[in-house]
file model-v1.pdb (PDB, C-alpha atoms)
ATOM      1  CA  MET A1050     -27.090  -2.998  14.876
ATOM      2  CA  ARG A1051     -26.042  -4.353  18.261
ATOM      3  CA  PRO A1052     -28.201  -3.114  21.189
ATOM      4  CA  THR A1053     -25.167  -1.544  22.894
ATOM      5  CA  ALA A1054     -24.329   0.473  19.795
ATOM      6  CA  ARG A1055     -27.943   1.607  19.463
ATOM      7  CA  LEU A1056     -28.027   2.629  23.113
ATOM      8  CA  ALA A1057     -24.799   4.605  22.754
ATOM      9  CA  ALA A1058     -26.173   6.400  19.735
ATOM     10  CA  ALA A1059     -29.413   7.160  21.553
ATOM     11  CA  LEU A1060     -27.459   8.642  24.451
ATOM     12  CA  LEU A1061     -25.496  10.828  22.067
ATOM     13  CA  LEU A1062     -28.748  12.064  20.590
ATOM     14  CA  ALA A1063     -30.122  12.756  24.021
ATOM     15  CA  VAL A1064     -27.199  14.766  25.394
ATOM     16  CA  GLY A1065     -25.926  16.396  22.205
ATOM     17  CA  THR A1066     -26.988  19.826  21.035
ATOM     18  CA  VAL A1067     -28.396  19.544  17.534
ATOM     19  CA  LEU A1068     -27.456  22.565  15.449
ATOM     20  CA  PRO A1069     -29.026  22.937  12.026
ATOM     21  CA  ALA A1070     -26.472  23.248   9.245
ATOM     22  CA  HIS A1071     -27.918  26.639   8.276
ATOM     23  CA  ALA A1072     -28.090  28.038  11.823
ATOM     24  CA  PHE A1073     -26.183  31.210  10.994
ATOM     25  CA  ALA A1074     -23.411  32.552   8.818
ATOM     26  CA  PRO A1075     -20.416  34.034  10.673
ATOM     27  CA  SER A1076     -19.400  37.588   9.852
ATOM     28  CA  GLU A1077     -16.283  38.253   7.807
ATOM     29  CA  THR A1078     -14.550  39.463  10.967
ATOM     30  CA  ALA A1079     -15.415  36.260  12.827
ATOM     31  CA  ASP A1080     -14.307  34.190   9.823
ATOM     32  CA  ALA A1081     -10.925  35.896   9.749
ATOM     33  CA  ALA A1082     -10.413  35.583  13.513
ATOM     34  CA  LEU A1083     -11.318  31.889  13.479
ATOM     35  CA  ALA A1084      -9.047  31.262  10.480
ATOM     36  CA  ASP A1085      -6.161  32.915  12.352
ATOM     37  CA  LEU A1086      -6.950  30.857  15.441
ATOM     38  CA  ASN A1087      -6.931  27.663  13.378
ATOM     39  CA  LYS A1088      -3.632  28.606  11.757
ATOM     40  CA  ALA A1089      -2.016  29.179  15.162
ATOM     41  CA  ALA A1090      -3.419  25.900  16.517
ATOM     42  CA  ARG A1091      -2.120  23.960  13.526
ATOM     43  CA  ALA A1092       1.293  25.571  13.856
ATOM     44  CA  ALA A1093       1.410  24.533  17.516
ATOM     45  CA  TYR A1094       0.358  21.008  16.555
ATOM     46  CA  ALA A1095       3.056  20.847  13.862
ATOM     47  CA  LEU A1096       5.741  21.933  16.325
ATOM     48  CA  GLY A1097       4.647  19.304  18.830
ATOM     49  CA  LYS A1098       4.447  16.666  16.115
ATOM     50  CA  ALA A1099       7.986  17.413  14.938
ATOM     51  CA  GLU A1100       9.300  17.029  18.478
ATOM     52  CA  ASN A1101       7.357  13.798  19.017
ATOM     53  CA  LEU A1102       8.758  12.414  15.771
ATOM     54  CA  ALA A1103      12.319  13.411  16.666
ATOM     55  CA  ARG A1104      11.974  11.449  19.921
ATOM     56  CA  THR A1105      10.437   8.389  18.245
ATOM     57  CA  GLY A1106      12.571   5.350  17.588
ATOM     58  CA  PRO A1107      13.718   2.939  16.529
ATOM     59  CA  VAL A1108      11.846   3.074  13.202
ATOM     60  CA  ILE A1109      11.913   1.005  10.020
ATOM     61  CA  LEU A1110      10.480   2.474   6.805
ATOM     62  CA  VAL A1111       9.867  -0.149   4.132
ATOM     63  CA  GLU A1112       9.644   0.430   0.393
ATOM     64  CA  ASN A1113      12.090  -0.563  -2.343
ATOM     65  CA  ASP A1114      14.778   0.056   0.270
ATOM     66  CA  LEU A1115      14.805  -0.478   4.012
ATOM     67  CA  ILE A1116      15.346   2.727   5.984
ATOM     68  CA  PHE A1117      16.499   2.204   9.554
ATOM     69  CA  ILE A1118      16.200   5.185  11.935
ATOM     70  CA  ARG A1119      17.687   5.038  15.412
ATOM     71  CA  ASP A1120      19.069   7.709  17.724
ATOM     72  CA  GLY A1121      18.722  10.312  14.981
ATOM     73  CA  GLU A1122      20.782   8.264  12.509
ATOM     74  CA  ARG A1123      19.131   7.295   9.229
ATOM     75  CA  THR A1124      20.514   4.324   7.259
ATOM     76  CA  VAL A1125      19.216   3.422   3.790
ATOM     77  CA  VAL A1126      19.768  -0.233   2.906
ATOM     78  CA  PRO A1127      18.933  -1.563  -0.598
ATOM     79  CA  TYR A1128      17.876  -5.160  -0.253
ATOM     80  CA  LEU A1129      16.101  -6.357  -3.393
ATOM     81  CA  PRO A1130      18.368  -8.792  -5.310
ATOM     82  CA  PRO A1131      18.653  -8.381  -9.117
ATOM     83  CA  LEU A1132      16.932 -11.730  -9.687
ATOM     84  CA  TYR A1133      13.782 -10.382  -8.001
ATOM     85  CA  THR A1134      13.688  -7.532 -10.510
ATOM     86  CA  THR A1135      14.304  -9.935 -13.413
ATOM     87  CA  LEU A1136      11.362 -12.120 -12.399
ATOM     88  CA  LYS A1137       9.130  -9.069 -12.094
ATOM     89  CA  ASN A1138      10.168  -7.688 -15.482
ATOM     90  CA  VAL A1139       9.642 -10.895 -17.448
ATOM     91  CA  SER A1140       6.277 -11.419 -15.755
ATOM     92  CA  HIS A1141       5.152  -8.036 -17.050
ATOM     93  CA  ILE A1142       5.215  -9.330 -20.636
ATOM     94  CA  ALA A1143       1.907 -11.061 -20.025
ATOM     95  CA  LEU A1144       0.445  -8.260 -17.907
ATOM     96  CA  GLY A1145       1.042  -5.594 -20.536
ATOM     97  CA  THR A1146      -0.178  -7.739 -23.435
ATOM     98  CA  ILE A1147      -3.315  -9.052 -21.763
ATOM     99  CA  VAL A1148      -4.479  -5.791 -20.201
ATOM    100  CA  LEU A1149      -4.045  -3.935 -23.489
ATOM    101  CA  LEU A1150      -5.899  -6.521 -25.566
ATOM    102  CA  GLN A1151      -8.662  -7.022 -23.008
ATOM    103  CA  ALA A1152      -9.534  -3.364 -23.444
ATOM    104  CA  TYR A1153      -9.822  -3.701 -27.235
ATOM    105  CA  ALA A1154     -10.946  -7.333 -27.664
ATOM    106  CA  ASP A1155     -13.417  -8.030 -30.531
ATOM    107  CA  ARG A1156     -13.035  -4.445 -31.785
ATOM    108  CA  PRO A1157     -11.220  -4.566 -35.164
ATOM    109  CA  ASP A1158     -12.022  -0.904 -35.786
ATOM    110  CA  THR A1159      -9.709   0.162 -32.945
ATOM    111  CA  ALA A1160      -6.454  -1.401 -34.177
ATOM    112  CA  GLU A1161      -4.838   1.956 -34.866
ATOM    113  CA  ARG A1162      -5.209   2.817 -31.182
ATOM    114  CA  TRP A1163      -3.254  -0.155 -29.823
ATOM    115  CA  ARG A1164      -1.060  -1.394 -32.681
ATOM    116  CA  ASP A1165       1.942   0.873 -31.961
ATOM    117  CA  SER A1166       1.992   0.022 -28.256
ATOM    118  CA  LEU A1167       1.746  -3.713 -28.876
ATOM    119  CA  THR A1168       4.394  -3.553 -31.622
ATOM    120  CA  ASP A1169       6.760  -1.740 -29.265
ATOM    121  CA  LEU A1170       6.183  -4.340 -26.556
ATOM    122  CA  ARG A1171       6.752  -7.168 -29.091
ATOM    123  CA  ASP A1172      10.031  -5.610 -30.214
ATOM    124  CA  LYS A1173      11.259  -5.194 -26.637
ATOM    125  CA  VAL A1174      10.456  -8.832 -25.858
ATOM    126  CA  ARG A1175      12.378  -9.949 -28.961
ATOM    127  CA  THR A1176      15.404  -7.961 -27.815
ATOM    128  CA  ALA A1177      15.314  -9.244 -24.235
ATOM    129  CA  ARG A1178      14.453 -12.892 -24.939
ATOM    130  CA  PRO A1179      18.006 -14.037 -25.897
ATOM    131  CA  LEU A1180      19.384 -12.337 -22.769
ATOM    132  CA  PHE A1181      17.308 -14.179 -20.161
ATOM    133  CA  ALA A1182      20.204 -16.510 -19.291
ATOM    134  CA  GLN A1183      22.407 -13.477 -18.630
ATOM    135  CA  SER A1184      19.894 -11.909 -16.249
ATOM    136  CA  GLY A1185      20.225 -14.452 -13.448
ATOM    137  CA  LEU A1186      17.517 -16.863 -14.547
ATOM    138  CA  GLU A1187      18.541 -20.493 -14.523
ATOM    139  CA  GLY A1188      17.132 -24.003 -14.339
ATOM    140  CA  ALA A1189      13.348 -24.317 -14.277
ATOM    141  CA  ALA A1190      12.865 -20.551 -13.995
ATOM    142  CA  LEU A1191      14.877 -19.970 -17.171
ATOM    143  CA  SER A1192      13.104 -22.715 -19.113
ATOM    144  CA  ARG A1193       9.576 -21.648 -18.215
ATOM    145  CA  ASN A1194      10.193 -17.957 -18.908
ATOM    146  CA  GLU A1195      11.861 -18.617 -22.253
ATOM    147  CA  ALA A1196       8.937 -20.811 -23.273
ATOM    148  CA  HIS A1197       6.504 -18.205 -21.972
ATOM    149  CA  ALA A1198       8.181 -15.388 -23.910
ATOM    150  CA  ASP A1199       8.130 -17.490 -27.089
ATOM    151  CA  ALA A1200       4.423 -18.229 -26.633
ATOM    152  CA  MET A1201       3.617 -14.566 -26.016
ATOM    153  CA  LEU A1202       5.608 -13.494 -29.083
ATOM    154  CA  ALA A1203       3.732 -15.955 -31.267
ATOM    155  CA  PHE A1204       0.410 -14.715 -29.884
ATOM    156  CA  ILE A1205       1.322 -11.047 -30.361
ATOM    157  CA  ASP A1206       2.515 -11.652 -33.929
ATOM    158  CA  GLY A1207      -0.802 -13.302 -34.761
ATOM    159  CA  VAL A1208      -2.827 -10.459 -33.286
ATOM    160  CA  LEU A1209      -0.780  -7.837 -35.154
ATOM    161  CA  GLU A1210      -1.234  -9.729 -38.405
ATOM    162  CA  ARG A1211      -5.012 -10.040 -37.986
ATOM    163  CA  GLY A1212      -5.514  -6.616 -36.457
ATOM    164  CA  VAL A1213      -7.886  -7.964 -33.811
ATOM    165  CA  ALA A1214      -7.966 -10.288 -30.807
ATOM    166  CA  SER A1215     -11.057 -12.056 -29.539
ATOM    167  CA  ALA A1216     -11.982 -11.954 -25.863
ATOM    168  CA  ALA A1217     -11.908 -15.760 -25.812
ATOM    169  CA  GLU A1218      -8.348 -16.067 -27.071
ATOM    170  CA  VAL A1219      -7.114 -13.314 -24.749
ATOM    171  CA  GLU A1220      -8.640 -15.197 -21.830
ATOM    172  CA  ALA A1221      -7.034 -18.460 -22.964
ATOM    173  CA  VAL A1222      -3.616 -16.798 -23.143
ATOM    174  CA  ALA A1223      -4.196 -15.251 -19.737
ATOM    175  CA  ARG A1224      -5.021 -18.635 -18.181
ATOM    176  CA  ALA A1225      -1.878 -20.182 -19.636
ATOM    177  CA  ALA A1226       0.254 -17.258 -18.478
ATOM    178  CA  ALA A1227      -1.130 -17.515 -14.945
ATOM    179  CA  LEU A1228       0.844 -20.695 -14.246
ATOM    180  CA  VAL A1229       4.111 -19.018 -15.220
ATOM    181  CA  LEU A1230       3.366 -15.836 -13.271
ATOM    182  CA  LEU A1231       2.400 -17.724 -10.125
ATOM    183  CA  ALA A1232       5.635 -19.722 -10.288
ATOM    184  CA  ASN A1233       7.603 -16.508 -10.817
ATOM    185  CA  GLY A1234       5.752 -14.953  -7.900
ATOM    186  CA  SER A1235       6.679 -17.811  -5.596
ATOM    187  CA  ASP A1236      10.351 -17.538  -6.553
ATOM    188  CA  ALA A1237      10.314 -13.757  -6.181
ATOM    189  CA  ALA A1238       8.643 -13.995  -2.760
ATOM    190  CA  ARG A1239      11.289 -16.390  -1.464
ATOM    191  CA  ILE A1240      14.102 -14.202  -2.798
ATOM    192  CA  GLN A1241      12.659 -10.996  -1.375
ATOM    193  CA  LEU A1242      11.826 -12.473   2.038
ATOM    194  CA  ASP A1243      15.265 -14.026   2.439
ATOM    195  CA  ALA A1244      16.962 -10.731   1.556
ATOM    196  CA  MET A1245      14.708  -8.689   3.853
ATOM    197  CA  HIS A1246      15.172 -11.103   6.745
ATOM    198  CA  GLU A1247      18.955 -10.942   6.427
ATOM    199  CA  LYS A1248      19.009  -7.124   6.559
ATOM    200  CA  VAL A1249      16.447  -6.753   9.341
ATOM    201  CA  GLN A1250      18.057  -9.365  11.560
ATOM    202  CA  ALA A1251      21.500  -7.807  11.093
ATOM    203  CA  TRP A1252      20.117  -4.422  12.159
ATOM    204  CA  ARG A1253      18.127  -5.937  15.023
ATOM    205  CA  ALA A1254      21.278  -7.579  16.389
ATOM    206  CA  GLY A1255      22.663  -4.106  17.097
ATOM    207  CA  LEU A1256      19.701  -2.958  19.196
ATOM    208  CA  LYS A1257      19.780  -2.656  22.955
ATOM    209  CA  PRO A1258      17.615  -5.030  25.039
ATOM    210  CA  GLY A1259      13.969  -3.971  24.771
ATOM    211  CA  GLU A1260      14.426  -1.735  21.708
ATOM    212  CA  TRP A1261      12.967  -4.242  19.248
ATOM    213  CA  GLU A1262       9.789  -4.369  21.338
ATOM    214  CA  THR A1263       9.332  -0.612  20.851
ATOM    215  CA  THR A1264      10.396  -0.469  17.183
ATOM    216  CA  ARG A1265       7.797   0.968  14.826
ATOM    217  CA  VAL A1266       7.515  -0.151  11.206
ATOM    218  CA  MET A1267       5.817   1.681   8.334
ATOM    219  CA  VAL A1268       5.271  -0.322   5.141
ATOM    220  CA  LEU A1269       4.703   1.820   2.063
ATOM    221  CA  GLY A1270       2.402   0.477  -0.653
ATOM    222  CA  PRO A1271      -0.515   1.193  -2.993
ATOM    223  CA  ARG A1272      -4.104   0.107  -2.390
ATOM    224  CA  MET A1273      -4.346  -3.015  -4.522
ATOM    225  CA  PRO A1274      -1.639  -5.275  -3.022
ATOM    226  CA  ARG A1275      -2.494  -4.384   0.579
ATOM    227  CA  GLU A1276      -4.154  -7.735   1.288
ATOM    228  CA  GLY A1277      -1.349 -10.213   1.979
ATOM    229  CA  ASN A1278       1.365  -7.637   1.238
ATOM    230  CA  LEU A1279       4.643  -9.534   1.442
ATOM    231  CA  GLN A1280       6.602  -6.857   3.308
ATOM    232  CA  PHE A1281       3.806  -6.257   5.781
ATOM    233  CA  GLU A1282       3.332  -9.978   6.424
ATOM    234  CA  TYR A1283       7.054 -10.400   7.075
ATOM    235  CA  PHE A1284       6.825  -7.927   9.942
ATOM    236  CA  VAL A1285       3.620  -9.520  11.226
ATOM    237  CA  TYR A1286       5.647 -12.688  11.725
ATOM    238  CA  ALA A1287       8.699 -10.806  13.026
ATOM    239  CA  MET A1288       6.819  -8.567  15.486
ATOM    240  CA  GLY A1289       3.671 -10.521  16.294
ATOM    241  CA  ARG A1290       0.084 -10.012  15.141
ATOM    242  CA  ASN A1291      -0.706  -7.709  18.055
ATOM    243  CA  ALA A1292       1.649  -5.140  16.491
ATOM    244  CA  ILE A1293      -0.722  -4.554  13.554
ATOM    245  CA  ASP A1294      -1.977  -0.943  13.438
ATOM    246  CA  ARG A1295      -0.104  -0.182  16.649
ATOM    247  CA  ARG A1296       3.607  -0.563  15.937
ATOM    248  CA  LEU A1297       3.173  -1.960  12.409
ATOM    249  CA  ILE A1298       1.321   0.287   9.965
ATOM    250  CA  TYR A1299       0.583   0.026   6.244
ATOM    251  CA  ALA A1300       1.071   3.501   4.761
ATOM    252  CA  GLU A1301      -1.373   3.174   1.881
ATOM    253  CA  THR A1302      -0.867   5.335  -1.242
ATOM    254  CA  ILE A1303       2.073   7.245   0.259
ATOM    255  CA  PHE A1304       4.817   6.918  -2.314
ATOM    256  CA  ASP A1305       7.829   8.558  -0.724
ATOM    257  CA  PRO A1306       9.691   7.739   2.495
ATOM    258  CA  GLN A1307       9.495  11.336   3.747
ATOM    259  CA  GLY A1308       5.707  11.286   3.517
ATOM    260  CA  GLN A1309       5.759   7.891   5.172
ATOM    261  CA  TYR A1310       7.828   9.260   8.036
ATOM    262  CA  GLY A1311       5.487  12.237   8.309
ATOM    263  CA  LEU A1312       2.541   9.880   8.683
ATOM    264  CA  LEU A1313       4.374   8.145  11.521
ATOM    265  CA  GLY A1314       4.680  11.522  13.235
ATOM    266  CA  THR A1315       0.918  12.026  12.927
ATOM    267  CA  VAL A1316       0.232   8.545  14.292
ATOM    268  CA  VAL A1317       2.547   8.991  17.292
ATOM    269  CA  THR A1318       1.212  12.481  18.036
ATOM    270  CA  ASP A1319      -2.478  11.657  17.690
ATOM    271  CA  ARG A1320      -2.155   8.558  19.830
ATOM    272  CA  ARG A1321      -0.519  10.491  22.659
ATOM    273  CA  LEU A1322      -3.283  13.067  22.347
ATOM    274  CA  ALA A1323      -6.036  10.436  22.293
ATOM    275  CA  ALA A1324      -4.627   8.629  25.327
ATOM    276  CA  ALA A1325      -4.570  11.869  27.311
ATOM    277  CA  MET A1326      -7.949  13.102  26.125
ATOM    278  CA  PHE A1327     -10.030   9.941  25.846
ATOM    279  CA  GLY A1328      -8.066   7.285  27.716
ATOM    280  CA  ASP A1329      -7.906   5.347  24.437
ATOM    281  CA  GLU A1330      -4.808   5.817  22.285
ATOM    282  CA  MET A1331      -6.573   4.446  19.196
ATOM    283  CA  ARG A1332      -9.527   6.881  19.296
ATOM    284  CA  MET A1333      -7.950   9.277  16.770
ATOM    285  CA  ASP A1334      -7.288   6.395  14.356
ATOM    286  CA  ARG A1335     -10.926   6.640  13.325
ATOM    287  CA  ASP A1336     -12.902   9.651  12.199
ATOM    288  CA  PHE A1337     -13.207  12.095  15.079
ATOM    289  CA  MET A1338     -16.822  12.695  14.039
ATOM    290  CA  ALA A1339     -17.646   8.971  13.814
ATOM    291  CA  ASP A1340     -19.761   8.776  16.988
ATOM    292  CA  GLY A1341     -21.805  11.860  16.230
ATOM    293  CA  ALA A1342     -22.180  10.783  12.596
ATOM    294  CA  GLN A1343     -23.439   7.344  13.622
ATOM    295  CA  ALA A1344     -26.036   8.893  15.913
ATOM    296  CA  HIS A1345     -27.279  11.277  13.245
ATOM    297  CA  LEU A1346     -27.329   8.591  10.542
ATOM    298  CA  LEU A1347     -29.492   6.402  12.774
ATOM    299  CA  ARG A1348     -31.929   9.281  13.091
ATOM    300  CA  MET A1349     -31.677  10.255   9.406
ATOM    301  CA  PHE A1350     -32.500   6.764   8.122
ATOM    302  CA  GLY A1351     -35.019   5.822  10.811
ATOM    303  CA  LYS A1352     -32.914   3.113  12.488
ATOM    304  CA  LEU A1353     -33.625   4.111  16.089
ATOM    305  CA  GLY A1354     -36.982   2.337  16.248
ATOM    306  CA  THR A1355     -40.230   3.811  17.495
ATOM    307  CA  GLU A1356     -40.508   6.032  20.534
TER     308      GLU A1356
END
call {"tool": "encode", "arguments": {"input": "model-v1.pdb", "output": "structure tokens"}}
result
Amino acid sequence: MRPTARLAAALLLAVGTVLPAHAFAPSETADAALADLNKAARAAYALGKAENLARTGPVILVENDLIFIRDGERTVVPYLPPLYTTLKNVSHIALGTIVLLQAYADRPDTAERWRDSLTDLRDKVRTARPLFAQSGLEGAALSRNEAHADAMLAFIDGVLERGVASAAEVEAVARAAALVLLANGSDAARIQLDAMHEKVQAWRAGLKPGEWETTRVMVLGPRMPREGNLQFEYFVYAMGRNAIDRRLIYAETIFDPQGQYGLLGTVVTDRRLAAAMFGDEMRMDRDFMADGAQAHLLRMFGKLGTE
């Protein structure tokens, strides 16, 4: 630990009042009064948060659609082209097949548990395969995905006939599929970025001078693709890297725009509170108990050194 951090923790230990966790148990009357107090405080916070959110703008919420909010007007703009969805869907042939068979590789006694699912996937691929050219795929993208689907069908048929897949052959199929999926991913990224840029720039052109510099963006997404998330990275380039976590926020594991917008209200409210209370608008972005916890953990695990 850095000396400055250790010193800060030592100071906290010196000036803080250490209360044992079992100091006392409040009476039922005190419990009820404190619960009512907390309820009233949270209601006051919620009212202030709602007003802060109503006065916040412009805002862009990003998920499958772009939601532009400005001056109380909310505009939902679909932007993902059909070809993006086609590339994603055909790429999922390999993902579904490989993940399923990885789980049951070298286990012939489990065939009854996966056979129906793999048969259903095989049948759906057979139905879709002749329609690739009608789905927007063309040129190299069409050729590689047709060849890929044919290869996956042949592999699936063999596995269904034998009733088992070895870990080695599943890995070999996965390595071969990776080249196709990476190429599909590159095409899909270009298509999605171009479409997003067109919509965002058209909306931005209607802003007043200075409004873009105060625009807040919330990107909705799950945990796993957070690193390098395409939508988030677009706005890093559009807004500048210093916007990250200030005006540009990744709303992890929030799966609806209303929840996303609610999180923005919390961010705006807590930052105003933190600026007024601590002189640091980002202080509430980390655990309020972080400083006290760090001090106690240093004591708990003997990291403060000798007296």
call {"tool": "closest_residue", "arguments": {"input": "model-v1.pdb", "among": "A:Met1338, A:Val1249, A:Val1125, A:Ala1152", "to": "Met1288 in chain A", "atoms": "all atoms listed in the file"}}
result
A:Val1249
call {"tool": "residues_around", "arguments": {"input": "model-v1.pdb", "residues": "range 1200-1205 of chain A", "least_positions_apart": "5", "cutoff": "9 Å", "atoms": "only C-alpha atoms", "output": "ChimeraX atom specification"}}
result
/A:1142-1143,1146,1167-1168,1171,1174-1175,1195,1210,1222,1226
call {"tool": "residues_around", "arguments": {"input": "model-v1.pdb", "residues": "Thr1302 in chain A", "least_positions_apart": "4", "cutoff": "9 Å", "atoms": "all atoms listed in the file", "output": "list in words"}}
result
Leu1269, Gly1270, Pro1271 and Arg1272 of chain A
call {"tool": "resolve_selection", "arguments": {"input": "model-v1.pdb", "expression": "the PyMOL selection byres ((chain A and resi 1140) around 9)", "output": "PyMOL selection string"}}
result
chain A and resi 1135-1139+1141-1144+1194+1226+1229-1230+1233-1234
call {"tool": "closest_residue", "arguments": {"input": "model-v1.pdb", "among": "A:Thr1176, A:Thr1263, A:Ser1192, A:Gln1241", "to": "Leu1132 in chain A", "atoms": "only C-alpha atoms"}}
result
A:Gln1241
call {"tool": "atom_distance", "arguments": {"input": "model-v1.pdb", "atom1": "CA of Val1317 in chain A", "atom2": "CA of Ala1084 in chain A"}}
result
26.0 Å
